[in-house]
Amino acid sequence: MPFGSLQECVALRDWLLIEGARLPQADDLLAGMSERLIALGVPVDRASTAIDTLHSEYSGVGRFWTPESGSTVRLFPHGEASDKAYHDSPFFTVHETGEWLMVDLNDADDLRYSIIGDLKAGGYTHYIVAPLFFTNGSRNGITFATRAPDGFRDEDIAILRFVMPTLAAVMEMRIVNKTLDQVLRIYVGDEPHRAILSGDIRRGQVKRIRSAILFADMRDYTQISADMTPEEAVDLLNIFFDCLVPAVEREGGEVLKYLGDGLLAIFRERGDDLGGAAKGALIAARSALSALDEANAIGRFAQPVVAGIALHHGEAAYGNVGSGARLDFTVIGRDVNLASRLARLNKILGEPLLMSKPFVDFLWDESESLGEHALDGFAESMGVYRPGRTPAAL
């Protein structure tokens, strides 16, 4: 440790633990630490991190910082390209050896790592790669580069080594919280995941929400998938949901449950605009059916796929259901059941999109009555409608 620097280094470590751990963005942590290292005399002209993540779309996140450009982010999608890039990178080397990698860019072979040529072209003289191993076994890393003519001095490296264990601990705390948030959102939806994280995990707790309810499923899924392998059936469902879910989310809807070959989504009432939820649900349903028609037209499915969508307006309820330590945060209630029963009429009536009387009551659009129909499990029949044949432009 450089003479007289201990107090400042401890102050940096305290900043990481107290303030850095609570910064709203991970970019701010990298930038704040780099700026404080510069204030200590460490000539950091570039810093970056590579962090594993548990996400359905990408395997890792790269963050980069320079004094000139600030912070930028790059996502690494799952797949062979990202795997190859990692195995050809300095991070793979430090993970395998467990040691820091220090490269004098004045003497480095450009072919050793692809990043070296870029750094030399940018005027950098010294490059450090340090592994960051988390307690859950994930392997991550951080890099520093400088344009100082003599590179990083021994005292600069001593300061970096002093703060690295603290940085690793802070980053792991942040990533564990972020991962928990992401995984819960992916598997239970946006609002339920917030409820769970806020402490709604006791059995029997129920939250009621007035909303438009959308229930959609694939017709004849059992027949279509009968001769498919499990992998082919999963691909079929994923393409099907790729047609439905973006349409729901564009209109502010939330997918609460995937139900085999179907899904349940809600569109919340917002303030006094009680018709907005129904309008959004109807637009989403029409858009989803159009996307499905387009997917059929361009041959994304091995054979044509048809959906049935039912729209209802009422009350959806989240509830903790289960036994012992194993609970499910699920959607329950009379109106949810009614929407699923209404969807069974799609095939019987030969209509891709049906609406209940309570849903139509919130619409300005023209609707055509299909009469009163009995719904399984409900004593009273329900007025059923389809959208007008000449709907307003979306």
# chains A, B, ... in the order shown; residues from 1 in each chain; ligands from 1
>>> residues_around(residues="stretch 278-294 of chain A", least_positions_apart="3", cutoff="7 Å", atoms="only C-alpha atoms", output="number ranges by chain")
A: 212, 214, 243-244, 247-248, 251, 267, 275, 297-298, 309, 359, 362-363, 394
>>> write_last_selection(atoms="C-alpha atoms", output="PDB file, in the first residue's frame")
ATOM      1  CA  ALA A 212     -60.288  -6.555 -18.348  1.00  0.00           C
ATOM      2  CA  LEU A 214     -58.017 -11.947 -21.628  1.00  0.00           C
ATOM      3  CA  CYS A 243     -47.604 -13.958 -31.559  1.00  0.00           C
ATOM      4  CA  LEU A 244     -49.756 -13.261 -28.486  1.00  0.00           C
ATOM      5  CA  ALA A 247     -49.587  -7.636 -28.494  1.00  0.00           C
ATOM      6  CA  VAL A 248     -50.712  -7.886 -24.864  1.00  0.00           C
ATOM      7  CA  GLU A 251     -51.357  -2.318 -24.759  1.00  0.00           C
ATOM      8  CA  PHE A 267     -55.518  -5.058 -18.357  1.00  0.00           C
ATOM      9  CA  GLY A 275     -63.145   1.975 -20.753  1.00  0.00           C
ATOM     10  CA  ALA A 297     -48.824 -17.100 -43.893  1.00  0.00           C
ATOM     11  CA  ILE A 298     -45.029 -17.170 -43.792  1.00  0.00           C
ATOM     12  CA  ILE A 309     -59.493 -15.537 -27.404  1.00  0.00           C
ATOM     13  CA  PHE A 359     -66.849  -6.533 -21.236  1.00  0.00           C
ATOM     14  CA  PHE A 362     -67.209  -0.844 -21.367  1.00  0.00           C
ATOM     15  CA  LEU A 363     -66.754  -0.528 -25.160  1.00  0.00           C
ATOM     16  CA  LEU A 394     -56.260   0.266 -34.659  1.00  0.00           C
TER      17      LEU A 394
END
>>> select_by_dssp(residues="stretch 194-361 of chain A", states="helix (DSSP H, G or I)", output="PyMOL selection string")
chain A and resi 194-197+221-225+230-250+274-297+334-343+345-349+357-360
>>> residues_around(residues="A:Glu172", least_positions_apart="3", cutoff="9 Å", atoms="only C-alpha atoms", output="list in words")
Phe134, Thr135, Asn136, Leu167, Ala168, Ala169, Ile175, Val176 and Asn177 of chain A
>>> residues_around(residues="A:Thr330", least_positions_apart="6", cutoff="8 Å", atoms="only C-alpha atoms", output="number ranges by chain")
A: 257, 318-321
>>> write_last_selection(atoms="all heavy atoms", output="PDB file, in the first residue's frame")
ATOM      1  N   LYS A 257     -50.383 -15.821 -16.214  1.00  0.00           N
ATOM      2  CA  LYS A 257     -50.178 -17.258 -16.182  1.00  0.00           C
ATOM      3  C   LYS A 257     -50.085 -17.814 -17.595  1.00  0.00           C
ATOM      4  O   LYS A 257     -50.846 -17.410 -18.484  1.00  0.00           O
ATOM      5  CB  LYS A 257     -51.353 -17.959 -15.479  1.00  0.00           C
ATOM      6  CG  LYS A 257     -51.300 -17.961 -13.965  1.00  0.00           C
ATOM      7  CD  LYS A 257     -50.282 -18.961 -13.439  1.00  0.00           C
ATOM      8  CE  LYS A 257     -50.307 -19.011 -11.918  1.00  0.00           C
ATOM      9  NZ  LYS A 257     -49.326 -19.986 -11.394  1.00  0.00           N
ATOM     10  N   TYR A 318     -55.242 -12.274  -6.917  1.00  0.00           N
ATOM     11  CA  TYR A 318     -54.027 -13.030  -6.669  1.00  0.00           C
ATOM     12  C   TYR A 318     -54.177 -13.706  -5.317  1.00  0.00           C
ATOM     13  O   TYR A 318     -54.603 -13.086  -4.345  1.00  0.00           O
ATOM     14  CB  TYR A 318     -52.806 -12.122  -6.585  1.00  0.00           C
ATOM     15  CG  TYR A 318     -52.486 -11.314  -7.805  1.00  0.00           C
ATOM     16  CD1 TYR A 318     -52.252  -9.949  -7.697  1.00  0.00           C
ATOM     17  CD2 TYR A 318     -52.385 -11.904  -9.053  1.00  0.00           C
ATOM     18  CE1 TYR A 318     -51.927  -9.187  -8.801  1.00  0.00           C
ATOM     19  CE2 TYR A 318     -52.071 -11.160 -10.162  1.00  0.00           C
ATOM     20  CZ  TYR A 318     -51.842  -9.796 -10.031  1.00  0.00           C
ATOM     21  OH  TYR A 318     -51.523  -9.052 -11.133  1.00  0.00           O
ATOM     22  N   GLY A 319     -53.782 -14.958  -5.231  1.00  0.00           N
ATOM     23  CA  GLY A 319     -53.850 -15.631  -3.950  1.00  0.00           C
ATOM     24  C   GLY A 319     -52.704 -16.587  -3.738  1.00  0.00           C
ATOM     25  O   GLY A 319     -52.227 -17.207  -4.687  1.00  0.00           O
ATOM     26  N   ASN A 320     -52.240 -16.709  -2.506  1.00  0.00           N
ATOM     27  CA  ASN A 320     -51.225 -17.690  -2.140  1.00  0.00           C
ATOM     28  C   ASN A 320     -51.912 -18.999  -1.802  1.00  0.00           C
ATOM     29  O   ASN A 320     -52.656 -19.092  -0.822  1.00  0.00           O
ATOM     30  CB  ASN A 320     -50.410 -17.198  -0.940  1.00  0.00           C
ATOM     31  CG  ASN A 320     -49.400 -16.144  -1.339  1.00  0.00           C
ATOM     32  OD1 ASN A 320     -48.594 -16.369  -2.230  1.00  0.00           O
ATOM     33  ND2 ASN A 320     -49.452 -14.985  -0.705  1.00  0.00           N
ATOM     34  N   VAL A 321     -51.675 -20.018  -2.626  1.00  0.00           N
ATOM     35  CA  VAL A 321     -52.341 -21.306  -2.480  1.00  0.00           C
ATOM     36  C   VAL A 321     -51.283 -22.393  -2.352  1.00  0.00           C
ATOM     37  O   VAL A 321     -50.275 -22.369  -3.064  1.00  0.00           O
ATOM     38  CB  VAL A 321     -53.236 -21.601  -3.710  1.00  0.00           C
ATOM     39  CG1 VAL A 321     -53.860 -22.980  -3.599  1.00  0.00           C
ATOM     40  CG2 VAL A 321     -54.309 -20.532  -3.834  1.00  0.00           C
TER      41      VAL A 321
END
>>> atom_distance(atom1="atom CA of A:Arg139", atom2="atom CA of A:Ser71")
22.0 Å
>>> residues_around(residues="A:Arg22", least_positions_apart="2", cutoff="12 Å", atoms="only C-alpha atoms", output="PDB file with C-alpha atoms, in the first residue's frame")
ATOM      1  CA  TRP A  15     -18.050   4.059   0.018  1.00  0.00           C
ATOM      2  CA  LEU A  16     -18.464   0.778  -1.848  1.00  0.00           C
ATOM      3  CA  LEU A  17     -20.158  -0.896   1.127  1.00  0.00           C
ATOM      4  CA  ILE A  18     -22.372   1.989   2.245  1.00  0.00           C
ATOM      5  CA  GLU A  19     -23.225   4.052  -0.832  1.00  0.00           C
ATOM      6  CA  GLY A  20     -22.136   1.949  -3.780  1.00  0.00           C
ATOM      7  CA  PRO A  24     -29.876   2.644  -8.332  1.00  0.00           C
ATOM      8  CA  GLN A  25     -27.807   1.588 -11.369  1.00  0.00           C
ATOM      9  CA  ALA A  26     -24.840  -0.783 -11.634  1.00  0.00           C
ATOM     10  CA  ASP A  28     -23.119   4.240 -11.367  1.00  0.00           C
ATOM     11  CA  LEU A  29     -21.138   1.805  -9.211  1.00  0.00           C
ATOM     12  CA  VAL A 170     -20.889  -5.460  -3.079  1.00  0.00           C
ATOM     13  CA  MET A 171     -21.421  -6.598  -6.658  1.00  0.00           C
ATOM     14  CA  MET A 173     -25.141  -8.388  -3.096  1.00  0.00           C
ATOM     15  CA  ARG A 174     -26.487  -6.221  -5.894  1.00  0.00           C
ATOM     16  CA  ILE A 175     -26.633  -9.060  -8.411  1.00  0.00           C
ATOM     17  CA  ASN A 177     -31.122  -8.889  -5.453  1.00  0.00           C
ATOM     18  CA  LYS A 178     -31.356  -8.125  -9.171  1.00  0.00           C
TER      19      LYS A 178
END
>>> atom_distance(atom1="atom CA of A:Val306", atom2="atom CA of A:Ile224")
10.7 Å
>>> residues_around(residues="A:Ile209", least_positions_apart="4", cutoff="8 Å", atoms="only C-alpha atoms", output="list of chain:residue names")
A:Arg268, A:Glu315, A:Ala316, A:Ala317
>>> write_last_selection(atoms="N, CA, C and O atoms", output="PDB file, in the first residue's frame")
ATOM      1  N   ARG A 268     -55.377  -3.633 -16.421  1.00  0.00           N
ATOM      2  CA  ARG A 268     -55.885  -2.965 -15.229  1.00  0.00           C
ATOM      3  C   ARG A 268     -56.678  -1.708 -15.568  1.00  0.00           C
ATOM      4  O   ARG A 268     -56.346  -0.992 -16.503  1.00  0.00           O
ATOM      5  N   GLU A 315     -63.255  -8.995 -11.859  1.00  0.00           N
ATOM      6  CA  GLU A 315     -62.274  -8.933 -10.781  1.00  0.00           C
ATOM      7  C   GLU A 315     -61.360 -10.145 -10.827  1.00  0.00           C
ATOM      8  O   GLU A 315     -61.823 -11.291 -10.769  1.00  0.00           O
ATOM      9  N   ALA A 316     -60.069  -9.881 -10.954  1.00  0.00           N
ATOM     10  CA  ALA A 316     -59.074 -10.944 -10.836  1.00  0.00           C
ATOM     11  C   ALA A 316     -58.468 -10.862  -9.439  1.00  0.00           C
ATOM     12  O   ALA A 316     -58.304  -9.783  -8.886  1.00  0.00           O
ATOM     13  N   ALA A 317     -58.141 -12.005  -8.881  1.00  0.00           N
ATOM     14  CA  ALA A 317     -57.580 -12.027  -7.529  1.00  0.00           C
ATOM     15  C   ALA A 317     -56.307 -12.851  -7.515  1.00  0.00           C
ATOM     16  O   ALA A 317     -56.264 -13.964  -8.051  1.00  0.00           O
TER      17      ALA A 317
END
>>> select_by_dssp(residues="stretch 201-230 of chain A", states="strand (DSSP E or B)", output="PDB file with N, CA and C atoms, in the first residue's frame")
ATOM      1  N   VAL A 206     -54.900 -12.567  -0.258  1.00  0.00           N
ATOM      2  CA  VAL A 206     -55.554 -12.342  -1.546  1.00  0.00           C
ATOM      3  C   VAL A 206     -55.565 -10.859  -1.860  1.00  0.00           C
ATOM      4  N   LYS A 207     -55.302 -10.522  -3.117  1.00  0.00           N
ATOM      5  CA  LYS A 207     -55.382  -9.147  -3.584  1.00  0.00           C
ATOM      6  C   LYS A 207     -56.318  -9.100  -4.784  1.00  0.00           C
ATOM      7  N   ARG A 208     -57.309  -8.215  -4.741  1.00  0.00           N
ATOM      8  CA  ARG A 208     -58.317  -8.125  -5.792  1.00  0.00           C
ATOM      9  C   ARG A 208     -57.992  -6.969  -6.733  1.00  0.00           C
ATOM     10  N   ILE A 209     -58.218  -7.194  -8.036  1.00  0.00           N
ATOM     11  CA  ILE A 209     -57.909  -6.169  -9.045  1.00  0.00           C
ATOM     12  C   ILE A 209     -59.040  -6.132 -10.064  1.00  0.00           C
ATOM     13  N   ARG A 210     -59.640  -4.958 -10.242  1.00  0.00           N
ATOM     14  CA  ARG A 210     -60.619  -4.762 -11.300  1.00  0.00           C
ATOM     15  C   ARG A 210     -59.886  -4.599 -12.622  1.00  0.00           C
ATOM     16  N   SER A 211     -60.287  -5.366 -13.622  1.00  0.00           N
ATOM     17  CA  SER A 211     -59.536  -5.341 -14.871  1.00  0.00           C
ATOM     18  C   SER A 211     -60.333  -5.988 -15.992  1.00  0.00           C
ATOM     19  N   ALA A 212     -59.872  -5.749 -17.216  1.00  0.00           N
ATOM     20  CA  ALA A 212     -60.288  -6.555 -18.348  1.00  0.00           C
ATOM     21  C   ALA A 212     -59.436  -7.811 -18.343  1.00  0.00           C
ATOM     22  N   ILE A 213     -60.080  -8.947 -18.598  1.00  0.00           N
ATOM     23  CA  ILE A 213     -59.409 -10.245 -18.520  1.00  0.00           C
ATOM     24  C   ILE A 213     -59.375 -10.868 -19.913  1.00  0.00           C
ATOM     25  N   LEU A 214     -58.195 -11.297 -20.325  1.00  0.00           N
ATOM     26  CA  LEU A 214     -58.017 -11.947 -21.628  1.00  0.00           C
ATOM     27  C   LEU A 214     -57.570 -13.375 -21.403  1.00  0.00           C
ATOM     28  N   PHE A 215     -58.310 -14.307 -21.992  1.00  0.00           N
ATOM     29  CA  PHE A 215     -57.953 -15.725 -21.919  1.00  0.00           C
ATOM     30  C   PHE A 215     -57.786 -16.223 -23.338  1.00  0.00           C
ATOM     31  N   ALA A 216     -56.632 -16.799 -23.643  1.00  0.00           N
ATOM     32  CA  ALA A 216     -56.361 -17.280 -25.003  1.00  0.00           C
ATOM     33  C   ALA A 216     -55.784 -18.681 -24.951  1.00  0.00           C
ATOM     34  N   ASP A 217     -56.169 -19.506 -25.927  1.00  0.00           N
ATOM     35  CA  ASP A 217     -55.532 -20.812 -26.035  1.00  0.00           C
ATOM     36  C   ASP A 217     -55.497 -21.250 -27.495  1.00  0.00           C
ATOM     37  N   MET A 218     -54.683 -22.273 -27.738  1.00  0.00           N
ATOM     38  CA  MET A 218     -54.518 -22.815 -29.087  1.00  0.00           C
ATOM     39  C   MET A 218     -55.551 -23.904 -29.318  1.00  0.00           C
TER      40      MET A 218
END
>>> residues_around(residues="A:Asp45", least_positions_apart="2", cutoff="10 Å", atoms="only C-alpha atoms", output="PyMOL selection string")
chain A and resi 34-35+38+42-43+47+65-68+124+144-148
